[in-house]
>>> print(open('target.txt').read())   # compact mmCIF, C-alpha atoms and all ligand atoms
# COMPACT_ATOMS: atom_id res chain seq x y z
CA MET J 1083 50.06 -19.43 70.74
CA SER J 1084 51.67 -16.13 71.46
CA SER J 1085 49.76 -13.21 72.94
CA GLY J 1086 50.06 -11.46 69.57
CA MET J 1087 47.99 -14.18 67.98
CA ARG J 1088 45.18 -13.68 70.44
CA ALA J 1089 44.63 -10.19 69.11
CA ILE J 1090 43.49 -11.55 65.76
CA ASN J 1091 40.09 -10.43 64.64
CA SER J 1092 38.58 -13.70 63.52
CA ASN J 1093 35.43 -12.04 62.26
CA MET J 1094 37.00 -10.64 59.11
CA ARG J 1095 34.92 -11.49 56.13
CA HIS J 1096 36.16 -13.79 53.46
CA LEU J 1097 35.97 -11.83 50.28
CA TYR J 1098 36.55 -14.87 48.14
CA CYS J 1099 33.76 -17.07 49.42
CA ASN J 1100 31.52 -17.94 46.52
CA ASP J 1101 28.12 -19.41 46.19
CA PRO J 1102 28.27 -23.20 46.38
CA PRO J 1103 28.61 -24.80 42.96
CA THR J 1104 25.57 -26.46 41.47
CA THR J 1105 27.60 -29.54 40.60
CA ARG J 1106 27.83 -32.00 43.47
CA LEU J 1107 30.57 -34.43 44.25
CA PRO J 1108 29.63 -38.02 43.39
CA HIS J 1109 27.41 -39.20 46.22
CA PRO J 1110 29.23 -42.50 46.97
CA VAL J 1111 32.33 -40.55 47.86
CA TYR J 1112 30.60 -39.30 50.99
CA GLU J 1113 29.24 -42.70 51.97
CA VAL J 1114 32.25 -44.91 51.53
CA PRO J 1115 34.54 -44.36 54.52
CA SER J 1116 37.45 -46.25 53.03
CA VAL J 1117 38.23 -43.83 50.21
CA PRO J 1118 41.95 -44.15 49.45
CA PRO J 1119 43.92 -41.09 50.62
CA ALA J 1120 45.19 -40.46 47.11
CA MET J 1121 41.63 -40.20 45.83
CA LEU J 1122 40.70 -37.83 48.64
CA THR J 1123 43.68 -35.67 47.77
CA ARG J 1124 42.57 -35.55 44.14
CA LEU J 1125 39.04 -34.62 45.20
CA VAL J 1126 40.28 -31.84 47.45
CA ARG J 1127 42.39 -30.47 44.60
CA TRP J 1128 39.47 -30.73 42.19
CA TRP J 1129 37.32 -28.84 44.69
CA GLN J 1130 39.93 -26.12 45.17
CA HIS J 1131 40.45 -25.68 41.45
CA TYR J 1132 36.69 -25.66 40.85
CA ARG J 1133 36.30 -22.89 43.38
CA ALA J 1134 39.31 -21.04 42.00
CA SER J 1135 38.03 -21.18 38.45
CA ALA J 1136 34.68 -19.82 39.65
CA LEU J 1137 36.32 -16.61 40.82
CA ARG J 1138 36.26 -13.76 38.38
CA ILE J 1139 39.04 -11.23 38.61
CA GLN J 1140 39.26 -8.43 36.07
CA GLU J 1141 42.28 -8.55 33.78
CA SER J 1142 42.99 -4.92 34.66
CA THR J 1143 43.06 -5.84 38.36
CA TRP J 1144 45.61 -8.59 37.76
CA GLN J 1145 47.75 -6.29 35.66
CA ALA J 1146 47.67 -3.49 38.22
CA ILE J 1147 48.77 -5.83 41.03
CA GLU J 1148 51.49 -7.44 38.92
CA ALA J 1149 52.78 -4.00 37.92
CA SER J 1150 52.90 -2.88 41.56
CA LEU J 1151 54.88 -5.98 42.52
CA ALA J 1152 57.34 -5.88 39.61
CA LEU J 1153 58.34 -9.48 40.30
CA THR J 1154 56.92 -11.35 37.34
CA HIS J 1155 58.84 -9.85 34.40
CA HIS J 1156 60.62 -13.14 33.81
CA LEU J 1157 57.38 -15.05 33.29
CA ASP J 1158 55.92 -15.61 29.85
CA ALA J 1159 52.18 -15.18 29.30
CA ALA J 1160 51.36 -18.84 29.98
CA SER J 1161 53.38 -18.89 33.22
CA ARG J 1162 51.71 -15.68 34.35
CA LEU J 1163 48.29 -17.23 33.86
CA ARG J 1164 49.43 -20.32 35.75
CA LEU J 1165 50.59 -18.11 38.62
CA ARG J 1166 47.21 -16.38 38.74
CA ALA J 1167 45.41 -19.75 38.88
CA LEU J 1168 47.74 -20.91 41.62
CA ALA J 1169 47.08 -17.69 43.57
CA LEU J 1170 43.33 -18.29 43.42
CA ALA J 1171 43.73 -21.91 44.53
CA PHE J 1172 45.95 -20.61 47.35
CA LEU J 1173 43.24 -18.19 48.47
CA ASN J 1174 40.75 -21.02 48.56
CA SER J 1175 42.97 -23.13 50.78
CA LYS J 1176 44.13 -20.41 53.21
CA GLN J 1177 42.47 -18.06 55.67
CA ILE J 1178 43.69 -14.47 55.66
CA HIS J 1179 42.75 -12.32 58.63
CA GLY J 1180 43.52 -8.76 59.57
CA ALA J 1181 44.90 -8.18 63.07
CA HIS J 1182 43.38 -5.51 65.32
CA ASP J 1183 40.45 -4.74 62.98
CA PHE J 1184 42.76 -4.15 60.02
CA GLU J 1185 40.59 -4.58 56.94
CA ILE J 1186 42.01 -6.77 54.20
CA THR J 1187 40.95 -5.71 50.72
CA ASP J 1188 40.60 -7.88 47.61
CA THR J 1189 43.69 -6.27 46.17
CA MET J 1190 45.70 -7.09 49.26
CA ARG J 1191 44.57 -10.73 49.23
CA LEU J 1192 45.47 -11.12 45.58
CA SER J 1193 48.79 -9.38 46.07
CA ILE J 1194 49.75 -11.61 48.99
CA ALA J 1195 48.62 -14.73 47.12
CA LEU J 1196 50.59 -13.85 43.98
CA GLN J 1197 53.75 -13.21 45.96
CA ALA J 1198 53.30 -16.30 48.12
CA CYS J 1199 52.78 -18.50 45.06
CA LEU J 1200 55.63 -17.08 43.00
CA PRO J 1201 58.35 -19.24 44.62
CA VAL J 1202 56.20 -22.39 44.32
CA LEU J 1203 55.02 -21.77 40.77
CA ASN J 1204 56.95 -24.83 39.61
CA LEU J 1205 57.11 -26.62 42.95
CA GLY J 1206 53.39 -26.76 43.63
CA LEU J 1207 51.03 -25.67 46.40
CA ASP J 1208 51.70 -28.89 48.32
CA TRP J 1209 54.67 -27.11 49.87
CA TYR J 1210 52.19 -24.99 51.82
CA ASP J 1211 49.71 -27.70 52.75
CA ASP J 1212 50.70 -28.10 56.42
CA TRP J 1213 49.17 -24.83 57.67
CA VAL J 1214 46.23 -22.53 56.95
CA GLY J 1215 46.35 -19.07 58.52
CA ILE J 1216 47.83 -15.75 57.41
CA VAL J 1217 47.56 -12.80 59.78
CA VAL J 1218 48.11 -9.34 58.32
CA TYR J 1219 49.06 -6.36 60.46
CA GLN J 1220 48.81 -2.71 59.50
CA GLY J 1221 52.49 -1.85 59.44
CA ASP J 1222 55.10 -3.49 61.63
CA PHE J 1223 54.11 -5.20 64.84
CA LEU J 1224 55.60 -6.38 68.13
CA ILE J 1225 56.37 -10.00 68.93
CA PRO J 1226 56.83 -11.00 72.62
CA ARG J 1227 60.24 -12.64 73.12
CA GLN J 1228 62.09 -14.23 76.03
CA ILE J 1229 65.80 -14.70 76.56
CA THR J 1230 67.61 -16.27 79.48
CA ASP J 1231 70.90 -14.65 80.47
CA ASP J 1232 74.00 -16.42 81.79
CA ALA J 1233 72.71 -16.11 85.36
CA GLY J 1234 69.51 -17.93 84.40
CA VAL J 1235 67.35 -14.83 84.60
CA VAL J 1236 64.56 -14.71 82.02
CA HIS J 1237 64.11 -11.37 80.26
CA GLU J 1238 60.93 -10.57 78.41
CA TYR J 1239 60.80 -7.95 75.68
CA LEU J 1240 58.91 -6.94 72.57
CA GLU J 1241 60.63 -7.17 69.21
CA PRO J 1242 59.36 -5.10 66.28
CA ALA J 1243 58.83 -7.31 63.23
CA LEU J 1244 57.69 -7.10 59.62
CA GLY J 1245 56.78 -10.75 59.48
CA GLU J 1246 57.09 -14.14 61.03
CA ALA J 1247 56.53 -17.70 59.85
CA TRP J 1248 55.83 -20.51 62.28
CA GLU J 1249 56.79 -24.05 61.45
CA GLY J 1250 53.53 -25.87 60.72
CA GLY J 1251 51.64 -22.73 61.80
CA PRO J 1252 50.53 -19.37 60.48
CA VAL J 1253 52.39 -16.66 58.62
CA LEU J 1254 52.34 -13.16 60.12
CA LEU J 1255 52.81 -10.26 57.72
CA ALA J 1256 53.08 -6.49 58.04
CA TRP J 1257 51.21 -4.74 55.27
CA GLN J 1258 52.87 -1.53 54.18
CA PRO J 1259 51.62 0.95 51.60
CA GLU J 1260 53.73 1.01 48.46
CA GLN J 1261 55.38 4.32 49.34
CA ASP J 1262 56.53 2.99 52.74
CA ARG J 1263 58.21 -0.14 51.42
CA HIS J 1264 61.96 -0.40 51.62
CA ASP J 1265 63.90 -0.97 48.43
CA GLY J 1266 64.72 -4.62 47.88
CA VAL J 1267 62.70 -5.80 50.89
CA ASN J 1268 59.77 -8.10 50.21
CA VAL J 1269 58.19 -9.35 53.42
CA VAL J 1270 55.84 -11.81 51.72
CA LEU J 1271 58.55 -13.52 49.68
CA HIS J 1272 60.73 -13.57 52.77
CA GLU J 1273 58.24 -15.31 55.04
CA PHE J 1274 57.16 -17.80 52.41
CA ALA J 1275 60.79 -18.63 51.73
CA HIS J 1276 60.99 -19.52 55.43
CA LYS J 1277 58.01 -21.81 54.88
CA LEU J 1278 59.92 -23.66 52.16
CA ASP J 1279 62.96 -23.88 54.41
CA MET J 1280 60.94 -25.17 57.38
CA ARG J 1281 59.19 -27.81 55.34
CA ASP J 1282 61.63 -30.37 56.76
CA GLY J 1283 61.05 -29.13 60.31
CA VAL J 1284 64.23 -27.07 60.63
CA ALA J 1285 64.87 -23.41 59.78
CA ASP J 1286 68.47 -23.73 58.66
CA GLY J 1287 68.47 -22.25 55.16
CA ILE J 1288 68.32 -25.72 53.58
CA PRO J 1289 64.88 -26.67 52.28
CA PRO J 1290 64.11 -30.27 51.32
CA LEU J 1291 66.07 -30.64 48.09
CA PRO J 1292 65.69 -32.84 45.05
CA ARG J 1293 68.41 -35.44 44.62
CA LYS J 1294 69.77 -33.69 41.50
CA ILE J 1295 70.84 -30.73 43.64
CA GLY J 1296 72.12 -32.44 46.74
CA ARG J 1297 72.37 -31.10 50.25
CA LYS J 1298 76.18 -30.89 50.35
CA ARG J 1299 76.42 -28.70 47.26
CA TRP J 1300 73.71 -26.40 48.61
CA GLN J 1301 75.24 -26.20 52.08
CA LEU J 1302 78.70 -25.37 50.75
CA ALA J 1303 77.57 -22.66 48.33
CA PHE J 1304 75.20 -20.95 50.77
CA GLN J 1305 77.65 -21.14 53.69
CA ARG J 1306 80.42 -19.53 51.63
CA ALA J 1307 78.11 -16.83 50.35
CA PHE J 1308 76.76 -16.19 53.86
CA GLU J 1309 80.25 -15.75 55.31
CA ASN J 1310 81.32 -13.57 52.41
CA PHE J 1311 78.23 -11.41 52.82
CA ARG J 1312 78.92 -10.93 56.53
CA ALA J 1313 82.51 -9.95 55.78
CA ARG J 1314 81.39 -7.44 53.17
CA LEU J 1315 78.88 -6.00 55.59
CA ASP J 1316 81.58 -5.62 58.24
CA SER J 1317 83.77 -3.78 55.74
CA ASP J 1318 80.93 -1.38 54.90
CA ASP J 1319 80.74 -2.56 51.29
CA GLU J 1320 78.29 -0.17 49.68
CA ALA J 1321 77.56 -2.41 46.69
CA LEU J 1322 75.30 -4.77 48.58
CA ALA J 1323 71.84 -5.12 47.07
CA MET J 1324 70.75 -7.67 49.66
CA ASP J 1325 69.06 -6.64 52.88
CA PRO J 1326 71.71 -6.66 55.67
CA TYR J 1327 69.29 -8.76 57.68
CA ALA J 1328 70.60 -11.69 55.64
CA ALA J 1329 73.69 -11.66 57.87
CA GLU J 1330 71.67 -12.64 60.96
CA HIS J 1331 71.53 -16.40 60.35
CA PRO J 1332 71.82 -18.89 57.46
CA ALA J 1333 68.02 -19.21 57.47
CA GLU J 1334 67.70 -15.44 57.04
CA PHE J 1335 70.33 -15.46 54.33
CA PHE J 1336 68.27 -18.02 52.40
CA ALA J 1337 65.03 -16.03 52.84
CA VAL J 1338 66.66 -12.76 51.76
CA ALA J 1339 68.39 -14.55 48.86
CA VAL J 1340 64.95 -15.63 47.61
CA GLU J 1341 63.80 -11.98 47.82
CA THR J 1342 66.88 -10.95 45.84
CA PHE J 1343 66.47 -13.79 43.34
CA PHE J 1344 63.13 -12.30 42.32
CA GLY J 1345 63.76 -8.61 43.07
CA SER J 1346 67.38 -8.06 41.96
CA PRO J 1347 68.43 -11.18 40.04
CA ASP J 1348 71.15 -9.32 38.10
CA TRP J 1349 72.89 -8.45 41.32
CA LEU J 1350 72.53 -11.91 42.84
CA PHE J 1351 73.78 -13.53 39.65
CA GLY J 1352 76.74 -11.17 39.48
CA ASP J 1353 77.82 -11.37 43.11
CA TYR J 1354 76.72 -14.84 44.17
CA PRO J 1355 76.34 -16.88 40.97
CA ASP J 1356 76.30 -20.23 42.79
CA VAL J 1357 73.42 -19.09 45.00
CA TYR J 1358 71.58 -17.82 41.94
CA GLU J 1359 72.14 -21.09 40.10
CA LEU J 1360 70.95 -23.22 43.04
CA LEU J 1361 67.80 -21.14 43.47
CA ARG J 1362 67.19 -21.36 39.72
CA GLU J 1363 67.44 -25.14 39.87
CA PHE J 1364 65.44 -25.50 43.08
CA LEU J 1365 62.60 -23.14 42.19
CA GLY J 1366 62.62 -24.08 38.52
CA GLN J 1367 62.60 -20.44 37.41
CA ASP J 1368 65.19 -18.30 35.67
CA THR J 1369 64.48 -14.79 36.88
CA LEU J 1370 67.15 -13.40 34.56
CA SER J 1371 65.48 -14.60 31.41
CA GLY J 1372 64.29 -11.64 29.41
CA ARG J 1373 66.93 -9.49 31.08
CA ILE J 1374 70.38 -8.56 29.83
CA ARG J 1375 73.00 -10.71 31.45
CA ASN J 1376 75.83 -8.43 32.45
CA VAL J 1377 77.94 -11.23 33.85
CA PRO J 1378 78.84 -14.40 31.96
CA MET J 1379 77.42 -17.59 33.45
CA SER J 1380 80.08 -19.38 35.42
CA SER J 1381 80.10 -22.37 37.72
CA THR J 1382 83.13 -20.98 39.52
CA TYR J 1383 82.42 -19.20 42.73
CA ARG J 1384 84.01 -15.77 42.64
CA PRO J 1385 82.78 -13.79 45.60
CA ARG J 1386 83.83 -10.22 45.84
CA PRO J 1387 86.27 -9.45 48.65
ZN ZN J 1401 63.28 -14.06 58.40
>>> encode(input="target.txt", output="structure tokens")
Amino acid sequence: MSSGMRAINSNMRHLYCNDPPTTRLPHPVYEVPSVPPAMLTRLVRWWQHYRASALRIQESTWQAIEASLALTHHLDAASRLRLRALALAFLNSKQIHGAHDFEITDTMRLSIALQACLPVLNLGLDWYDDWVGIVVYQGDFLIPRQITDDAGVVHEYLEPALGEAWEGGPVLLAWQPEQDRHDGVNVVLHEFAHKLDMRDGVADGIPPLPRKIGRKRWQLAFQRAFENFRARLDSDDEALAMDPYAAEHPAEFFAVAVETFFGSPDWLFGDYPDVYELLREFLGQDTLSGRIRNVPMSSTYRPRP
């Protein structure tokens, strides 16, 4: 664990803890040690959904959070309700703590959960089942880093960060008031996109893919878009709607592309249609639906110079 993690205030209250339900799990389940894993999984899910359904969130609260996020316009009413249910199940399966006495409000928890669940709305919460903790900082924070130079000397320094996701470990997030957020930057979507990417143990911009997509097709399209984006950045192209941080590494390009897929789908579709199409297929969501398509759908990759 890094020194930053030791600063976590583990005494933060859990705002979503409810009274225990009056219904009990069938008694034999506790006594029979050889319960098949699949049955246990179903019981855990039942428990999480029971707890989630017991939570009562005002409709006006949901609407206010969704309006502040402006990321769910493409969802119909049924999908929006499904996302809310997923967010509540997410909150029941994760622990959200504030770092350095930072108090996490109900609104913040719901906001983080909605954003975290948006990419997995049609993939399922299983994609996040290999870790538990989310640590929220008030504004950006410093992460201790080490680099070794060519002479073998180790240099230690602190790197300012808005978020970090650890493979199999927690997600660290900087919470910023709405007025302080940068246009087109969504830290929560970004870090949870890393979680999808790292699900196969490697942060390389290639999440575990269904056979119908195929790793080669993904790799080719994302690599070409990544290189094109870096070239455009070098030439000071002012028409870039993606965060320049995408040029750092293919894994960052993927995470920022997910942000853009939800935040500026028109731009992503127009400038990197293959990336848009792959994300649409992978995530099972068409973020352009309900919007005017300014660019005809094409399977031909036509990056701008
Ligand atoms: Zn990143």
>>> residues_near_ligand(input="target.txt", ligand="ligand ZN 1401 (chain J)", cutoff="8 Å", atoms="all atoms listed in the file", output="VMD selection string")
chain J and resid 1245 to 1247 1272 to 1273 1276 1333 to 1334 1337 to 1338
>>> write_last_selection(input="target.txt", atoms="C-alpha atoms", output="short mmCIF file (atom, residue, chain, number, x, y, z; two decimals), in the frame of the given file")
data_model
loop_
_atom_site.label_atom_id
_atom_site.label_comp_id
_atom_site.auth_asym_id
_atom_site.auth_seq_id
_atom_site.Cartn_x
_atom_site.Cartn_y
_atom_site.Cartn_z
CA GLY J 1245 56.78 -10.75 59.48
CA GLU J 1246 57.09 -14.14 61.03
CA ALA J 1247 56.53 -17.70 59.85
CA HIS J 1272 60.73 -13.57 52.77
CA GLU J 1273 58.24 -15.31 55.04
CA HIS J 1276 60.99 -19.52 55.43
CA ALA J 1333 68.02 -19.21 57.47
CA GLU J 1334 67.70 -15.44 57.04
CA ALA J 1337 65.03 -16.03 52.84
CA VAL J 1338 66.66 -12.76 51.76
#
>>> closest_residue(input="target.txt", among="J:Pro1201, J:Pro1355, J:Pro1347, J:Pro1259", to="J:Leu1271", atoms="only C-alpha atoms")
J:Pro1201
>>> atom_distance(input="target.txt", atom1="atom CA of J:Ile1178", atom2="atom CA of J:Ile1216")
4.7 Å
>>> residues_around(input="target.txt", residues="stretch 1319-1331 of chain J", least_positions_apart="3", cutoff="9 Å", atoms="all atoms listed in the file", output="ChimeraX atom specification")
/J:1265-1267,1286-1287,1308-1309,1311-1316,1334-1339,1341-1342,1346,1349-1350,1353
>>> closest_residue(input="target.txt", among="J:Asn1174, J:Asn1268, J:Ser1150, J:Gln1301", to="J:Leu1255", atoms="only C-alpha atoms")
J:Asn1268
>>> residues_around(input="target.txt", residues="J:Lys1176", least_positions_apart="6", cutoff="12 Å", atoms="all atoms listed in the file", output="VMD selection string")
chain J and resid 1096 1098 to 1099 1130 1169 to 1170 1191 1194 to 1195 1198 1207 1210 to 1217 1251 to 1253
>>> atom_distance(input="target.txt", atom1="atom CA of J:Leu1205", atom2="atom CA of J:Thr1154")
16.3 Å
>>> closest_residue(input="target.txt", among="J:Gly1345, J:Gly1366, J:Gly1221, J:Pro1332", to="J:Asn1204", atoms="only C-alpha atoms")
J:Gly1366
>>> closest_residue(input="target.txt", among="J:Val1270, J:Ala1160, J:Leu1173, J:Val1202", to="J:Gln1367", atoms="all atoms listed in the file")
J:Val1202
>>> atom_distance(input="target.txt", atom1="atom CA of J:His1179", atom2="atom CA of J:Ala1243")
17.5 Å
>>> closest_residue(input="target.txt", among="J:Met1190, J:Gln1177, J:Gly1296, J:Arg1166", to="J:Leu1203", atoms="all atoms listed in the file")
J:Arg1166
>>> residues_around(input="target.txt", residues="J:Gly1283", least_positions_apart="3", cutoff="9 Å", atoms="only C-alpha atoms", output="PyMOL selection string")
chain J and resi 1249-1250+1279-1280
>>> closest_residue(input="target.txt", among="J:Ala1303, J:Leu1291, J:Ile1139, J:Leu1244", to="J:Ile1225", atoms="all atoms listed in the file")
J:Leu1244
>>> decode(input="target.txt", residues="stretch 1313-1332 of chain J", atoms="N, CA and C atoms", output="short mmCIF file (atom, residue, chain, number, x, y, z; two decimals), in the first residue's frame")
data_model
loop_
_atom_site.label_atom_id
_atom_site.label_comp_id
_atom_site.auth_asym_id
_atom_site.auth_seq_id
_atom_site.Cartn_x
_atom_site.Cartn_y
_atom_site.Cartn_z
N ALA J 1313 -0.30 12.79 -33.26
CA ALA J 1313 0.18 13.65 -34.36
C ALA J 1313 -0.61 14.96 -34.38
N ARG J 1314 -1.89 14.86 -34.19
CA ARG J 1314 -2.73 16.07 -34.19
C ARG J 1314 -2.37 16.98 -33.01
N LEU J 1315 -2.06 16.36 -31.91
CA LEU J 1315 -1.67 17.14 -30.73
C LEU J 1315 -0.36 17.88 -31.00
N ASP J 1316 0.57 17.17 -31.63
CA ASP J 1316 1.88 17.77 -31.96
C ASP J 1316 1.72 18.95 -32.92
N SER J 1317 0.70 18.85 -33.80
CA SER J 1317 0.51 19.92 -34.78
C SER J 1317 -0.45 20.99 -34.27
N ASP J 1318 -0.69 20.98 -32.96
CA ASP J 1318 -1.54 21.99 -32.31
C ASP J 1318 -2.93 22.08 -32.93
N ASP J 1319 -3.47 20.94 -33.33
CA ASP J 1319 -4.84 20.88 -33.84
C ASP J 1319 -5.79 21.39 -32.76
N GLU J 1320 -6.55 22.41 -33.08
CA GLU J 1320 -7.42 23.00 -32.06
C GLU J 1320 -8.81 22.38 -32.02
N ALA J 1321 -9.03 21.39 -32.89
CA ALA J 1321 -10.37 20.77 -32.95
C ALA J 1321 -10.43 19.48 -32.15
N LEU J 1322 -9.58 19.34 -31.17
CA LEU J 1322 -9.57 18.11 -30.39
C LEU J 1322 -10.50 18.23 -29.19
N ALA J 1323 -11.49 17.37 -29.13
CA ALA J 1323 -12.41 17.39 -27.99
C ALA J 1323 -11.99 16.40 -26.91
N MET J 1324 -10.95 15.62 -27.20
CA MET J 1324 -10.47 14.66 -26.20
C MET J 1324 -9.37 15.30 -25.36
N ASP J 1325 -9.34 14.95 -24.09
CA ASP J 1325 -8.31 15.41 -23.18
C ASP J 1325 -6.93 14.99 -23.72
N PRO J 1326 -6.00 15.95 -23.84
CA PRO J 1326 -4.66 15.63 -24.35
C PRO J 1326 -3.96 14.52 -23.57
N TYR J 1327 -4.42 14.28 -22.38
CA TYR J 1327 -3.82 13.21 -21.57
C TYR J 1327 -3.93 11.85 -22.27
N ALA J 1328 -4.85 11.75 -23.21
CA ALA J 1328 -5.02 10.51 -23.97
C ALA J 1328 -3.75 10.13 -24.73
N ALA J 1329 -2.89 11.11 -24.99
CA ALA J 1329 -1.68 10.85 -25.77
C ALA J 1329 -0.57 10.20 -24.95
N GLU J 1330 -0.78 10.08 -23.63
CA GLU J 1330 0.28 9.56 -22.75
C GLU J 1330 0.61 8.09 -23.01
N HIS J 1331 -0.42 7.29 -23.27
CA HIS J 1331 -0.23 5.83 -23.33
C HIS J 1331 -1.51 5.23 -23.93
N PRO J 1332 -1.42 4.09 -24.60
CA PRO J 1332 -2.64 3.46 -25.13
C PRO J 1332 -3.70 3.21 -24.06
#
